[in-house]
file target.csv (CSV, C-alpha atoms and all ligand atoms)
chain,number,residue,atom,x,y,z
A,1,MET,CA,38.3,-33.4,18.6
A,2,PRO,CA,37.0,-30.0,17.7
A,3,HIS,CA,34.8,-28.5,20.3
A,4,GLU,CA,31.2,-29.0,19.3
A,5,VAL,CA,28.9,-26.1,20.0
A,6,GLU,CA,25.4,-27.1,21.2
A,7,PRO,CA,22.7,-25.5,19.2
A,8,ALA,CA,20.6,-23.1,21.3
A,9,PRO,CA,17.3,-24.8,22.4
A,10,ALA,CA,14.3,-23.7,20.5
A,11,LEU,CA,12.1,-21.1,22.2
A,12,PRO,CA,8.5,-21.9,23.1
A,13,VAL,CA,5.8,-20.3,21.0
A,14,PRO,CA,5.2,-16.9,22.5
A,15,THR,CA,1.8,-15.7,23.4
A,16,THR,CA,0.0,-12.5,22.2
A,17,GLN,CA,-0.2,-11.5,25.8
A,18,GLN,CA,3.6,-11.6,26.1
A,19,LEU,CA,4.2,-9.7,22.9
A,20,LEU,CA,1.4,-7.0,23.1
A,21,PRO,CA,2.9,-4.8,25.9
A,22,ARG,CA,6.3,-4.8,24.2
A,23,LEU,CA,4.7,-3.9,20.9
A,24,ARG,CA,2.7,-1.1,22.6
A,25,ALA,CA,5.8,0.5,24.2
A,26,TRP,CA,7.7,0.3,20.9
A,27,TRP,CA,4.8,1.7,18.9
A,28,GLU,CA,4.4,4.7,21.2
A,29,LEU,CA,8.1,5.5,20.9
A,30,SER,CA,8.9,4.6,17.4
A,31,ALA,CA,5.9,4.6,15.0
A,32,ARG,CA,6.3,7.0,12.1
A,33,ASP,CA,4.2,10.2,12.4
A,34,LEU,CA,2.1,9.7,9.2
A,35,PRO,CA,-0.7,12.2,8.6
A,36,TRP,CA,-3.4,9.6,8.2
A,37,ARG,CA,-2.6,8.2,11.7
A,38,SER,CA,-3.8,11.5,13.3
A,39,HIS,CA,-6.8,10.8,15.6
A,40,ASP,CA,-9.1,13.2,13.7
A,41,VAL,CA,-8.6,11.6,10.2
A,42,THR,CA,-11.8,10.4,8.6
A,43,ALA,CA,-12.4,6.9,7.3
A,44,TRP,CA,-12.2,8.5,3.8
A,45,GLY,CA,-8.7,9.7,4.7
A,46,VAL,CA,-7.7,6.2,5.8
A,47,LEU,CA,-9.1,4.6,2.7
A,48,VAL,CA,-7.3,7.1,0.4
A,49,SER,CA,-4.0,6.4,2.3
A,50,GLU,CA,-4.4,2.6,1.9
A,51,VAL,CA,-5.2,2.8,-1.8
A,52,MET,CA,-2.3,5.2,-2.4
A,53,SER,CA,0.2,3.0,-0.5
A,54,GLN,CA,-0.9,-0.3,-2.2
A,55,GLN,CA,2.1,-0.2,-4.5
A,56,THR,CA,4.0,2.9,-3.3
A,57,PRO,CA,6.1,3.3,-0.1
A,58,MET,CA,4.1,5.2,2.6
A,59,ILE,CA,6.7,7.9,2.9
A,60,ARG,CA,6.4,8.8,-0.8
A,61,VAL,CA,2.6,8.9,-0.4
A,62,VAL,CA,2.6,11.6,2.2
A,63,PRO,CA,2.7,14.8,0.0
A,64,TYR,CA,0.2,13.4,-2.4
A,65,TRP,CA,-2.2,12.4,0.4
A,66,ASN,CA,-2.0,15.9,1.9
A,67,LEU,CA,-2.8,17.6,-1.4
A,68,TRP,CA,-5.5,15.0,-2.2
A,69,MET,CA,-7.3,15.5,1.1
A,70,GLU,CA,-7.1,19.2,0.8
A,71,GLN,CA,-8.7,19.1,-2.6
A,72,TRP,CA,-11.2,16.3,-2.0
A,73,PRO,CA,-11.8,15.9,1.7
A,74,THR,CA,-14.9,13.8,1.2
A,75,PRO,CA,-16.0,11.1,-1.2
A,76,ALA,CA,-18.6,13.5,-2.6
A,77,ALA,CA,-15.9,16.0,-3.5
A,78,LEU,CA,-13.9,13.4,-5.4
A,79,ALA,CA,-17.0,12.0,-7.1
A,80,ASP,CA,-17.6,15.4,-8.7
A,81,ALA,CA,-14.1,16.0,-9.9
A,82,SER,CA,-13.1,15.6,-13.6
A,83,SER,CA,-10.9,12.6,-14.6
A,84,ALA,CA,-8.3,15.1,-15.7
A,85,GLU,CA,-8.0,16.6,-12.2
A,86,VAL,CA,-7.9,13.1,-10.7
A,87,ILE,CA,-5.2,11.8,-12.9
A,88,THR,CA,-3.2,15.0,-12.6
A,89,ALA,CA,-3.4,14.9,-8.8
A,90,TRP,CA,-2.2,11.3,-8.8
A,91,GLY,CA,1.1,12.7,-10.0
A,92,LYS,CA,4.0,10.2,-10.0
A,93,LEU,CA,2.5,7.8,-7.6
A,94,GLY,CA,2.5,5.1,-10.3
A,95,TYR,CA,-0.2,2.7,-11.5
A,96,PRO,CA,-2.6,5.6,-12.3
A,97,ARG,CA,-5.6,3.3,-12.8
A,98,ARG,CA,-5.8,3.3,-9.0
A,99,ALA,CA,-6.8,7.0,-9.2
A,100,LEU,CA,-9.8,6.2,-11.4
A,101,ARG,CA,-10.7,3.3,-9.3
A,102,LEU,CA,-10.6,5.5,-6.2
A,103,GLN,CA,-13.0,7.9,-7.9
A,104,GLU,CA,-15.3,5.1,-8.9
A,105,CYS,CA,-15.2,4.0,-5.2
A,106,ALA,CA,-16.1,7.5,-4.1
A,107,ARG,CA,-19.1,7.6,-6.4
A,108,VAL,CA,-20.4,4.3,-5.1
A,109,VAL,CA,-19.9,5.6,-1.5
A,110,VAL,CA,-22.0,8.6,-2.4
A,111,GLU,CA,-24.7,6.6,-4.3
A,112,LYS,CA,-25.0,3.6,-1.9
A,113,HIS,CA,-23.8,4.9,1.5
A,114,GLY,CA,-24.9,8.5,1.6
A,115,GLY,CA,-21.3,9.7,1.2
A,116,GLU,CA,-20.0,7.9,4.3
A,117,VAL,CA,-17.4,5.2,3.9
A,118,PRO,CA,-19.1,2.1,5.4
A,119,SER,CA,-17.6,0.4,8.4
A,120,ALA,CA,-18.7,-3.2,7.8
A,121,TYR,CA,-16.0,-5.4,6.3
A,122,ASP,CA,-18.3,-6.9,3.6
A,123,GLU,CA,-19.6,-3.5,2.5
A,124,LEU,CA,-16.0,-2.2,2.2
A,125,LEU,CA,-15.0,-5.3,0.2
A,126,ALA,CA,-17.9,-4.6,-2.2
A,127,LEU,CA,-16.4,-1.1,-3.1
A,128,PRO,CA,-14.5,-0.8,-6.4
A,129,GLY,CA,-10.8,-1.2,-6.0
A,130,VAL,CA,-11.1,-2.4,-2.4
A,131,GLY,CA,-9.7,-5.9,-1.7
A,132,GLU,CA,-9.5,-7.9,1.5
A,133,TYR,CA,-6.4,-6.1,2.7
A,134,THR,CA,-7.8,-2.6,2.2
A,135,ALA,CA,-11.3,-3.6,3.6
A,136,SER,CA,-9.8,-5.0,6.8
A,137,ALA,CA,-7.3,-2.0,7.2
A,138,VAL,CA,-10.1,0.5,6.9
A,139,ALA,CA,-12.4,-1.4,9.2
A,140,SER,CA,-9.6,-1.8,11.8
A,141,PHE,CA,-7.8,1.6,11.6
A,142,ALA,CA,-10.7,3.9,10.8
A,143,TYR,CA,-13.5,2.2,12.7
A,144,GLY,CA,-11.8,0.1,15.4
A,145,VAL,CA,-13.4,-3.1,14.2
A,146,ARG,CA,-11.7,-6.3,15.5
A,147,VAL,CA,-10.5,-7.9,12.3
A,148,ALA,CA,-7.1,-9.2,11.4
A,149,VAL,CA,-5.2,-7.1,8.8
A,150,VAL,CA,-2.9,-9.2,6.7
A,151,ASP,CA,-0.2,-7.8,4.5
A,152,THR,CA,3.2,-8.9,3.5
A,153,ASN,CA,4.9,-7.2,6.5
A,154,ILE,CA,2.4,-8.7,9.0
A,155,ARG,CA,2.8,-12.2,7.5
A,156,ARG,CA,6.6,-12.0,7.7
A,157,VAL,CA,6.7,-10.9,11.3
A,158,LEU,CA,4.1,-13.4,12.5
A,159,SER,CA,5.8,-16.3,10.7
A,160,ARG,CA,9.2,-15.4,12.1
A,161,VAL,CA,8.1,-14.7,15.7
A,162,PHE,CA,5.6,-17.5,16.2
A,163,ASP,CA,6.7,-20.3,13.8
A,164,GLY,CA,10.4,-19.6,13.6
A,165,GLU,CA,10.2,-19.7,9.9
A,166,GLU,CA,10.8,-17.3,7.0
A,167,ASN,CA,7.8,-16.3,5.0
A,168,PHE,CA,8.5,-16.2,1.3
A,169,GLY,CA,5.7,-13.9,0.3
A,170,GLY,CA,3.3,-14.7,-2.6
A,171,ALA,CA,-0.4,-14.2,-2.4
A,172,THR,CA,-2.1,-14.2,1.0
A,173,THR,CA,-3.8,-17.5,1.6
A,174,PRO,CA,-6.8,-18.4,3.8
A,175,ALA,CA,-4.3,-20.1,6.2
A,176,ASP,CA,-2.5,-16.7,6.5
A,177,ARG,CA,-5.7,-15.1,7.5
A,178,ARG,CA,-6.7,-17.8,10.0
A,179,ARG,CA,-3.3,-17.5,11.6
A,180,ALA,CA,-3.4,-13.7,11.8
A,181,GLN,CA,-6.9,-13.9,13.3
A,182,SER,CA,-5.9,-16.6,15.8
A,183,VAL,CA,-3.2,-14.4,17.4
A,184,LEU,CA,-5.2,-11.2,17.3
A,185,PRO,CA,-5.7,-9.7,20.8
A,186,ALA,CA,-9.3,-10.3,22.1
A,187,ASP,CA,-9.7,-6.7,23.1
A,188,THR,CA,-10.9,-4.5,20.2
A,189,ASP,CA,-8.6,-1.5,21.0
A,190,ASP,CA,-5.7,-3.8,21.4
A,191,SER,CA,-6.5,-5.5,18.1
A,192,VAL,CA,-6.1,-2.2,16.3
A,193,LEU,CA,-2.8,-1.4,18.0
A,194,TRP,CA,-1.6,-5.0,17.2
A,195,ASN,CA,-2.5,-4.6,13.5
A,196,GLN,CA,-0.8,-1.2,13.2
A,197,GLY,CA,2.2,-2.1,15.3
A,198,ILE,CA,3.0,-5.4,13.7
A,199,MET,CA,2.7,-3.9,10.2
A,200,GLU,CA,4.9,-1.0,11.2
A,201,LEU,CA,7.5,-3.3,12.8
A,202,GLY,CA,7.6,-5.3,9.5
A,203,ALA,CA,8.0,-2.1,7.5
A,204,THR,CA,10.7,-0.5,9.5
A,205,VAL,CA,12.5,-3.1,11.7
A,206,CYS,CA,11.7,-6.7,10.7
A,207,THR,CA,12.4,-6.1,7.1
A,208,SER,CA,12.7,-8.9,4.5
A,209,THR,CA,16.5,-8.8,4.0
A,210,SER,CA,17.9,-6.9,6.9
A,211,PRO,CA,16.0,-7.3,10.1
A,212,GLN,CA,17.3,-5.1,12.9
A,213,CYS,CA,16.8,-7.5,15.7
A,214,GLU,CA,18.9,-5.5,18.2
A,215,ILE,CA,16.2,-2.8,18.3
A,216,CYS,CA,13.2,-5.1,18.0
A,217,PRO,CA,10.8,-5.4,20.9
A,218,PHE,CA,10.4,-9.1,20.3
A,219,ARG,CA,14.1,-10.0,20.2
A,220,ASP,CA,14.2,-12.3,23.2
A,221,LEU,CA,11.0,-14.1,22.2
A,222,CYS,CA,11.5,-14.4,18.5
A,223,ARG,CA,11.8,-18.1,17.4
A,224,TRP,CA,13.3,-17.3,14.0
A,225,ARG,CA,16.1,-15.3,15.6
A,226,ARG,CA,16.8,-18.0,18.1
A,227,ALA,CA,16.8,-20.6,15.3
A,228,GLY,CA,19.5,-18.7,13.4
A,229,TYR,CA,17.4,-17.1,10.7
A,230,PRO,CA,16.6,-20.2,8.7
A,231,GLY,CA,15.8,-19.5,5.1
A,232,MET,CA,17.0,-15.9,5.2
A,233,GLY,CA,18.4,-14.9,1.8
A,234,THR,CA,17.2,-18.1,0.1
A,235,LYS,CA,14.1,-16.5,-1.4
A,236,PRO,CA,14.3,-16.7,-5.2
A,237,THR,CA,15.0,-13.1,-5.9
A,238,ARG,CA,12.7,-11.6,-8.5
A,239,LYS,CA,14.6,-9.9,-11.3
A,240,THR,CA,14.3,-6.1,-10.8
A,241,GLN,CA,11.9,-4.9,-13.4
A,242,LYS,CA,13.8,-2.7,-15.7
A,243,TRP,CA,12.1,0.7,-16.4
A,244,LYS,CA,14.1,2.4,-19.1
A,245,GLY,CA,12.6,1.8,-22.5
A,246,THR,CA,9.6,-0.1,-21.2
A,247,ASN,CA,6.0,0.6,-22.1
A,248,ARG,CA,5.5,1.7,-18.5
A,249,GLN,CA,8.1,4.4,-19.0
A,250,VAL,CA,6.4,5.5,-22.2
A,251,ARG,CA,3.0,5.6,-20.7
A,252,GLY,CA,4.3,7.6,-17.8
A,253,ILE,CA,5.9,10.1,-20.3
A,254,VAL,CA,2.6,10.6,-22.1
A,255,LEU,CA,0.6,11.1,-18.9
A,256,ASN,CA,3.2,13.5,-17.4
A,257,ALA,CA,3.1,15.6,-20.6
A,258,LEU,CA,-0.7,15.9,-20.2
A,259,ARG,CA,-0.4,16.6,-16.5
A,260,SER,CA,2.2,19.4,-17.1
A,261,LYS,CA,-0.3,21.0,-19.5
A,262,ALA,CA,-3.1,20.6,-17.0
A,263,LEU,CA,-1.1,22.4,-14.4
A,264,GLU,CA,-0.1,25.2,-16.8
A,265,LEU,CA,-3.6,25.7,-18.3
A,266,THR,CA,-6.0,25.8,-15.3
A,267,GLY,CA,-9.6,25.8,-16.5
A,268,VAL,CA,-8.7,24.5,-20.0
A,269,ALA,CA,-9.0,20.8,-20.9
A,270,PRO,CA,-5.4,19.9,-21.7
A,271,SER,CA,-4.5,18.0,-24.9
A,272,LEU,CA,-1.5,17.0,-26.8
A,273,SER,CA,-1.5,17.3,-30.6
A,274,ALA,CA,-0.3,14.5,-32.8
A,275,ASP,CA,2.9,16.4,-33.4
A,276,GLU,CA,3.5,17.0,-29.7
A,277,LEU,CA,2.9,13.3,-29.0
A,278,ALA,CA,5.4,12.3,-31.7
A,279,GLN,CA,8.1,14.4,-30.0
A,280,LEU,CA,7.7,12.5,-26.7
A,281,TRP,CA,9.3,9.2,-27.8
A,282,PRO,CA,11.4,8.2,-30.8
A,283,ASP,CA,9.9,4.7,-31.4
A,284,ARG,CA,6.6,5.5,-33.2
A,285,GLY,CA,5.3,2.0,-33.0
A,286,GLN,CA,5.9,1.7,-29.2
A,287,LEU,CA,4.4,5.2,-28.6
A,288,GLN,CA,1.3,4.3,-30.6
A,289,GLU,CA,0.9,1.0,-28.7
A,290,CYS,CA,1.2,2.8,-25.4
A,291,VAL,CA,-1.3,5.6,-26.4
A,292,VAL,CA,-3.8,2.9,-27.4
A,293,ALA,CA,-3.3,1.1,-24.1
A,294,LEU,CA,-3.8,4.3,-22.1
A,295,ASP,CA,-7.0,4.9,-24.0
A,296,ASN,CA,-8.2,1.3,-23.3
A,297,ASP,CA,-7.5,1.8,-19.6
A,298,GLY,CA,-9.6,5.0,-19.6
A,299,LEU,CA,-6.7,7.2,-18.7
A,300,ILE,CA,-6.7,9.2,-21.9
A,301,GLU,CA,-8.9,9.7,-25.0
A,302,ILE,CA,-7.7,9.6,-28.6
A,303,LEU,CA,-9.5,12.3,-30.5
A,304,SER,CA,-10.5,12.2,-34.1
A,305,ASP,CA,-7.5,14.4,-35.2
A,306,GLY,CA,-5.0,12.1,-33.6
A,307,SER,CA,-4.5,14.4,-30.5
A,308,VAL,CA,-5.0,13.0,-27.0
A,309,ALA,CA,-6.7,14.4,-23.9
A,310,PHE,CA,-7.7,13.3,-20.5
A,311,PRO,CA,-11.1,11.6,-20.5
A,312,ARG,CA,-14.1,13.9,-19.9
B,1,LIG,S1,13.8,-10.4,16.5
B,1,LIG,FE1,14.5,-9.9,14.4
B,1,LIG,S2,13.6,-11.5,13.2
B,1,LIG,FE2,12.5,-11.5,15.1
B,1,LIG,S3,10.7,-10.1,14.8
B,1,LIG,FE3,12.4,-8.9,15.6
B,1,LIG,S4,13.5,-8.0,13.8
B,1,LIG,FE4,12.2,-9.7,13.2
call {"tool": "encode", "arguments": {"input": "target.csv", "output": "structure tokens"}}
result
Amino acid sequence: MPHEVEPAPALPVPTTQQLLPRLRAWWELSARDLPWRSHDVTAWGVLVSEVMSQQTPMIRVVPYWNLWMEQWPTPAALADASSAEVITAWGKLGYPRRALRLQECARVVVEKHGGEVPSAYDELLALPGVGEYTASAVASFAYGVRVAVVDTNIRRVLSRVFDGEENFGGATTPADRRRAQSVLPADTDDSVLWNQGIMELGATVCTSTSPQCEICPFRDLCRWRRAGYPGMGTKPTRKTQKWKGTNRQVRGIVLNALRSKALELTGVAPSLSADELAQLWPDRGQLQECVVALDNDGLIEILSDGSVAFPR
């Protein structure tokens, strides 16, 4: 008879009180030194960092955030900038409509809140381009409001540690928010550290495909680890979006050509003539489609002679 190995008994559900001191010690030692985590960063700086990192890894955001904050340290400064400056400064962060939404947001902050980013969750949520995640992140990280922040990383860590289950992503549900709120430390300062720490742990240690349990502060309390990582690797993998030849690539080429001109010609509104445009991409039909889409998104303007420019 082969020797049968007894499965390890399941771990009890850990408590926030058990996890918090471990998380604090880990955070103090291991959190990345990102510029918007500095104690003197304004709520505006936090908001900009959150919008920039919505679809871009934080580490890529750093140089853009530094330049942006130097150029537009307040919402009022950004509100007065030209669209050309804003789209140019967004550089290669991707999804450039976010830049224009951020400027819209700055204008509303100036008009409705006297130039100060509001601290109340509901007021934050009412700003252009600010969803539940960003509103709660700014309320928590910038103002120390006790509110659960829920992003993909936090959901994954909470699900693994507390439930012993893999989290398969998708849109955040009301149940995800209730769960995150239910384990949030009662103390307000602790709640901020918890939000930041769990998010950082999910981004750097408890990653989706290769969790580094050996360096995780929760390793002896994590129910998912004890259960043998059920569901790991079974997530239906999304096909990697191809980039080459897509409209996204063509849109990026057109915007980059305008940006390069803007950087060369300071003080002059940059434009691309119809001939210059035609040289950017060999497929005329696709190029035209992308130019029209950029115009519809408010990222460029098509002028009467067929040239394009950043919107005024
Ligand atoms: S022990 Fe492993 S699976 Fe559990 S939270 Fe830490 S890194 Fe994630």
call {"tool": "closest_atom_pairs", "arguments": {"input": "target.csv", "of": "chain A", "to": "ligand LIG 1 (chain B)", "cutoff": "8 Å", "atoms": "all atoms listed in the file", "output": "tab-separated table"}}
result
residue	atom	partner	partner_atom	distance
A:Val157	CA	B:LIG1	S3	5.4
A:Leu158	CA	B:LIG1	S3	7.7
A:Arg160	CA	B:LIG1	FE2	5.9
A:Val161	CA	B:LIG1	S3	5.4
A:Leu201	CA	B:LIG1	S4	7.7
A:Gly202	CA	B:LIG1	FE4	7.4
A:Val205	CA	B:LIG1	S4	5.4
A:Cys206	CA	B:LIG1	S4	3.8
A:Thr207	CA	B:LIG1	S4	7.1
A:Pro211	CA	B:LIG1	S4	4.5
A:Gln212	CA	B:LIG1	S4	4.9
A:Cys213	CA	B:LIG1	FE1	3.6
A:Glu214	CA	B:LIG1	S1	7.3
A:Ile215	CA	B:LIG1	S4	7.4
A:Cys216	CA	B:LIG1	FE3	4.6
A:Pro217	CA	B:LIG1	FE3	6.5
A:Phe218	CA	B:LIG1	FE3	5.1
A:Arg219	CA	B:LIG1	S1	3.7
A:Asp220	CA	B:LIG1	S1	7.0
A:Leu221	CA	B:LIG1	S1	7.3
A:Cys222	CA	B:LIG1	FE2	4.6
A:Arg223	CA	B:LIG1	FE2	7.0
A:Trp224	CA	B:LIG1	S2	5.9
A:Arg225	CA	B:LIG1	S2	5.1
A:Tyr229	CA	B:LIG1	S2	7.2
call {"tool": "write_last_selection", "arguments": {"input": "target.csv", "atoms": "C-alpha atoms", "output": "compact mmCIF listing (two decimals), in the frame of the given file"}}
result
# COMPACT_ATOMS: atom_id res chain seq x y z
CA VAL A 157 6.70 -10.90 11.30
CA LEU A 158 4.10 -13.40 12.50
CA ARG A 160 9.20 -15.40 12.10
CA VAL A 161 8.10 -14.70 15.70
CA LEU A 201 7.50 -3.30 12.80
CA GLY A 202 7.60 -5.30 9.50
CA VAL A 205 12.50 -3.10 11.70
CA CYS A 206 11.70 -6.70 10.70
CA THR A 207 12.40 -6.10 7.10
CA PRO A 211 16.00 -7.30 10.10
CA GLN A 212 17.30 -5.10 12.90
CA CYS A 213 16.80 -7.50 15.70
CA GLU A 214 18.90 -5.50 18.20
CA ILE A 215 16.20 -2.80 18.30
CA CYS A 216 13.20 -5.10 18.00
CA PRO A 217 10.80 -5.40 20.90
CA PHE A 218 10.40 -9.10 20.30
CA ARG A 219 14.10 -10.00 20.20
CA ASP A 220 14.20 -12.30 23.20
CA LEU A 221 11.00 -14.10 22.20
CA CYS A 222 11.50 -14.40 18.50
CA ARG A 223 11.80 -18.10 17.40
CA TRP A 224 13.30 -17.30 14.00
CA ARG A 225 16.10 -15.30 15.60
CA TYR A 229 17.40 -17.10 10.70
call {"tool": "residues_around", "arguments": {"input": "target.csv", "residues": "range 283-291 of chain A", "least_positions_apart": "2", "cutoff": "7 Å", "atoms": "all atoms listed in the file", "output": "MDAnalysis selection string"}}
result
chainID A and resid 247 250:251 281 293:295
call {"tool": "closest_residue", "arguments": {"input": "target.csv", "among": "A:Ser82, A:Thr246, A:Ser119, A:Gln181", "to": "Pro270 in chain A", "atoms": "all atoms listed in the file"}}
result
A:Ser82
call {"tool": "closest_atom_pairs", "arguments": {"input": "target.csv", "of": "range 185-264 of chain A", "to": "range 302-309 of chain A", "cutoff": "10 Å", "atoms": "all atoms listed in the file", "output": "tab-separated table"}}
result
residue	atom	partner	partner_atom	distance
A:Val254	CA	A:Val308	CA	9.4
A:Leu255	CA	A:Ala309	CA	9.4
A:Leu258	CA	A:Ala309	CA	7.2
A:Arg259	CA	A:Ala309	CA	10.0
A:Ala262	CA	A:Ala309	CA	10.0
call {"tool": "closest_residue", "arguments": {"input": "target.csv", "among": "A:Ile59, A:Val41, A:Ala99, A:Val117", "to": "Pro75 in chain A", "atoms": "all atoms listed in the file"}}
result
A:Val117
call {"tool": "residues_around", "arguments": {"input": "target.csv", "residues": "Glu132 in chain A", "least_positions_apart": "4", "cutoff": "9 Å", "atoms": "only C-alpha atoms", "output": "list in words"}}
result
Tyr121, Leu124, Leu125, Ser136, Ala137, Val149 and Val150 of chain A
call {"tool": "atom_distance", "arguments": {"input": "target.csv", "atom1": "CA of Gln196 in chain A", "atom2": "CA of Ala43 in chain A"}}
result
15.3 Å
call {"tool": "closest_residue", "arguments": {"input": "target.csv", "among": "A:Thr234, A:Gly164, A:Trp194, A:Ser140", "to": "Ala120 in chain A", "atoms": "all atoms listed in the file"}}
result
A:Ser140
call {"tool": "atom_distance", "arguments": {"input": "target.csv", "atom1": "CA of Thr172 in chain A", "atom2": "CA of Asp122 in chain A"}}
result
18.0 Å
call {"tool": "closest_residue", "arguments": {"input": "target.csv", "among": "A:Trp44, A:Trp90, A:Trp26, A:Trp243", "to": "Pro73 in chain A", "atoms": "all atoms listed in the file"}}
result
A:Trp44
call {"tool": "residues_around", "arguments": {"input": "target.csv", "residues": "Glu50 in chain A", "least_positions_apart": "4", "cutoff": "9 Å", "atoms": "only C-alpha atoms", "output": "number ranges by chain"}}
result
A: 45-46, 54, 58, 133-134, 137-138
call {"tool": "atom_distance", "arguments": {"input": "target.csv", "atom1": "CA of Thr209 in chain A", "atom2": "CA of Ser53 in chain A"}}
result
20.6 Å
call {"tool": "closest_residue", "arguments": {"input": "target.csv", "among": "A:Asp151, A:Leu277, A:Arg37, A:Ser210", "to": "Ala171 in chain A", "atoms": "all atoms listed in the file"}}
result
A:Asp151
call {"tool": "decode", "arguments": {"input": "target.csv", "residues": "range 132-138 of chain A", "atoms": "all heavy atoms", "output": "PDB file, in the first residue's frame"}}
result
ATOM      1  N   GLU A 132     -14.600  54.844  -8.334  1.00  0.00           N
ATOM      2  CA  GLU A 132     -14.614  54.441  -6.913  1.00  0.00           C
ATOM      3  C   GLU A 132     -13.203  54.179  -6.390  1.00  0.00           C
ATOM      4  O   GLU A 132     -12.862  54.550  -5.268  1.00  0.00           O
ATOM      5  CB  GLU A 132     -15.467  53.184  -6.737  1.00  0.00           C
ATOM      6  CG  GLU A 132     -16.939  53.505  -6.837  1.00  0.00           C
ATOM      7  CD  GLU A 132     -17.813  52.282  -6.795  1.00  0.00           C
ATOM      8  OE1 GLU A 132     -17.318  51.171  -7.069  1.00  0.00           O
ATOM      9  OE2 GLU A 132     -19.007  52.449  -6.498  1.00  0.00           O
ATOM     10  N   TYR A 133     -12.398  53.512  -7.209  1.00  0.00           N
ATOM     11  CA  TYR A 133     -11.050  53.206  -6.738  1.00  0.00           C
ATOM     12  C   TYR A 133     -10.270  54.497  -6.460  1.00  0.00           C
ATOM     13  O   TYR A 133      -9.706  54.680  -5.379  1.00  0.00           O
ATOM     14  CB  TYR A 133     -10.277  52.326  -7.753  1.00  0.00           C
ATOM     15  CG  TYR A 133      -8.815  52.376  -7.427  1.00  0.00           C
ATOM     16  CD1 TYR A 133      -8.324  51.654  -6.342  1.00  0.00           C
ATOM     17  CD2 TYR A 133      -7.950  53.241  -8.110  1.00  0.00           C
ATOM     18  CE1 TYR A 133      -6.997  51.777  -5.954  1.00  0.00           C
ATOM     19  CE2 TYR A 133      -6.627  53.356  -7.734  1.00  0.00           C
ATOM     20  CZ  TYR A 133      -6.157  52.626  -6.657  1.00  0.00           C
ATOM     21  OH  TYR A 133      -4.855  52.767  -6.266  1.00  0.00           O
ATOM     22  N   THR A 134     -10.247  55.389  -7.443  1.00  0.00           N
ATOM     23  CA  THR A 134      -9.439  56.617  -7.296  1.00  0.00           C
ATOM     24  C   THR A 134      -9.967  57.473  -6.148  1.00  0.00           C
ATOM     25  O   THR A 134      -9.184  58.033  -5.364  1.00  0.00           O
ATOM     26  CB  THR A 134      -9.444  57.410  -8.626  1.00  0.00           C
ATOM     27  OG1 THR A 134      -9.028  56.525  -9.658  1.00  0.00           O
ATOM     28  CG2 THR A 134      -8.497  58.585  -8.579  1.00  0.00           C
ATOM     29  N   ALA A 135     -11.297  57.570  -6.026  1.00  0.00           N
ATOM     30  CA  ALA A 135     -11.874  58.378  -4.940  1.00  0.00           C
ATOM     31  C   ALA A 135     -11.432  57.829  -3.583  1.00  0.00           C
ATOM     32  O   ALA A 135     -11.028  58.584  -2.687  1.00  0.00           O
ATOM     33  CB  ALA A 135     -13.397  58.383  -5.047  1.00  0.00           C
ATOM     34  N   SER A 136     -11.487  56.527  -3.428  1.00  0.00           N
ATOM     35  CA  SER A 136     -11.121  55.960  -2.119  1.00  0.00           C
ATOM     36  C   SER A 136      -9.609  56.055  -1.898  1.00  0.00           C
ATOM     37  O   SER A 136      -9.155  56.329  -0.779  1.00  0.00           O
ATOM     38  CB  SER A 136     -11.611  54.516  -1.985  1.00  0.00           C
ATOM     39  OG  SER A 136     -11.126  53.741  -3.046  1.00  0.00           O
ATOM     40  N   ALA A 137      -8.818  55.899  -2.953  1.00  0.00           N
ATOM     41  CA  ALA A 137      -7.359  55.991  -2.795  1.00  0.00           C
ATOM     42  C   ALA A 137      -6.958  57.404  -2.378  1.00  0.00           C
ATOM     43  O   ALA A 137      -6.126  57.579  -1.480  1.00  0.00           O
ATOM     44  CB  ALA A 137      -6.662  55.595  -4.103  1.00  0.00           C
ATOM     45  N   VAL A 138      -7.551  58.412  -3.001  1.00  0.00           N
ATOM     46  CA  VAL A 138      -7.196  59.798  -2.644  1.00  0.00           C
ATOM     47  C   VAL A 138      -7.691  60.110  -1.231  1.00  0.00           C
ATOM     48  O   VAL A 138      -6.959  60.701  -0.423  1.00  0.00           O
ATOM     49  CB  VAL A 138      -7.775  60.799  -3.678  1.00  0.00           C
ATOM     50  CG1 VAL A 138      -7.546  62.236  -3.227  1.00  0.00           C
ATOM     51  CG2 VAL A 138      -7.132  60.574  -5.047  1.00  0.00           C
TER      52      VAL A 138
END
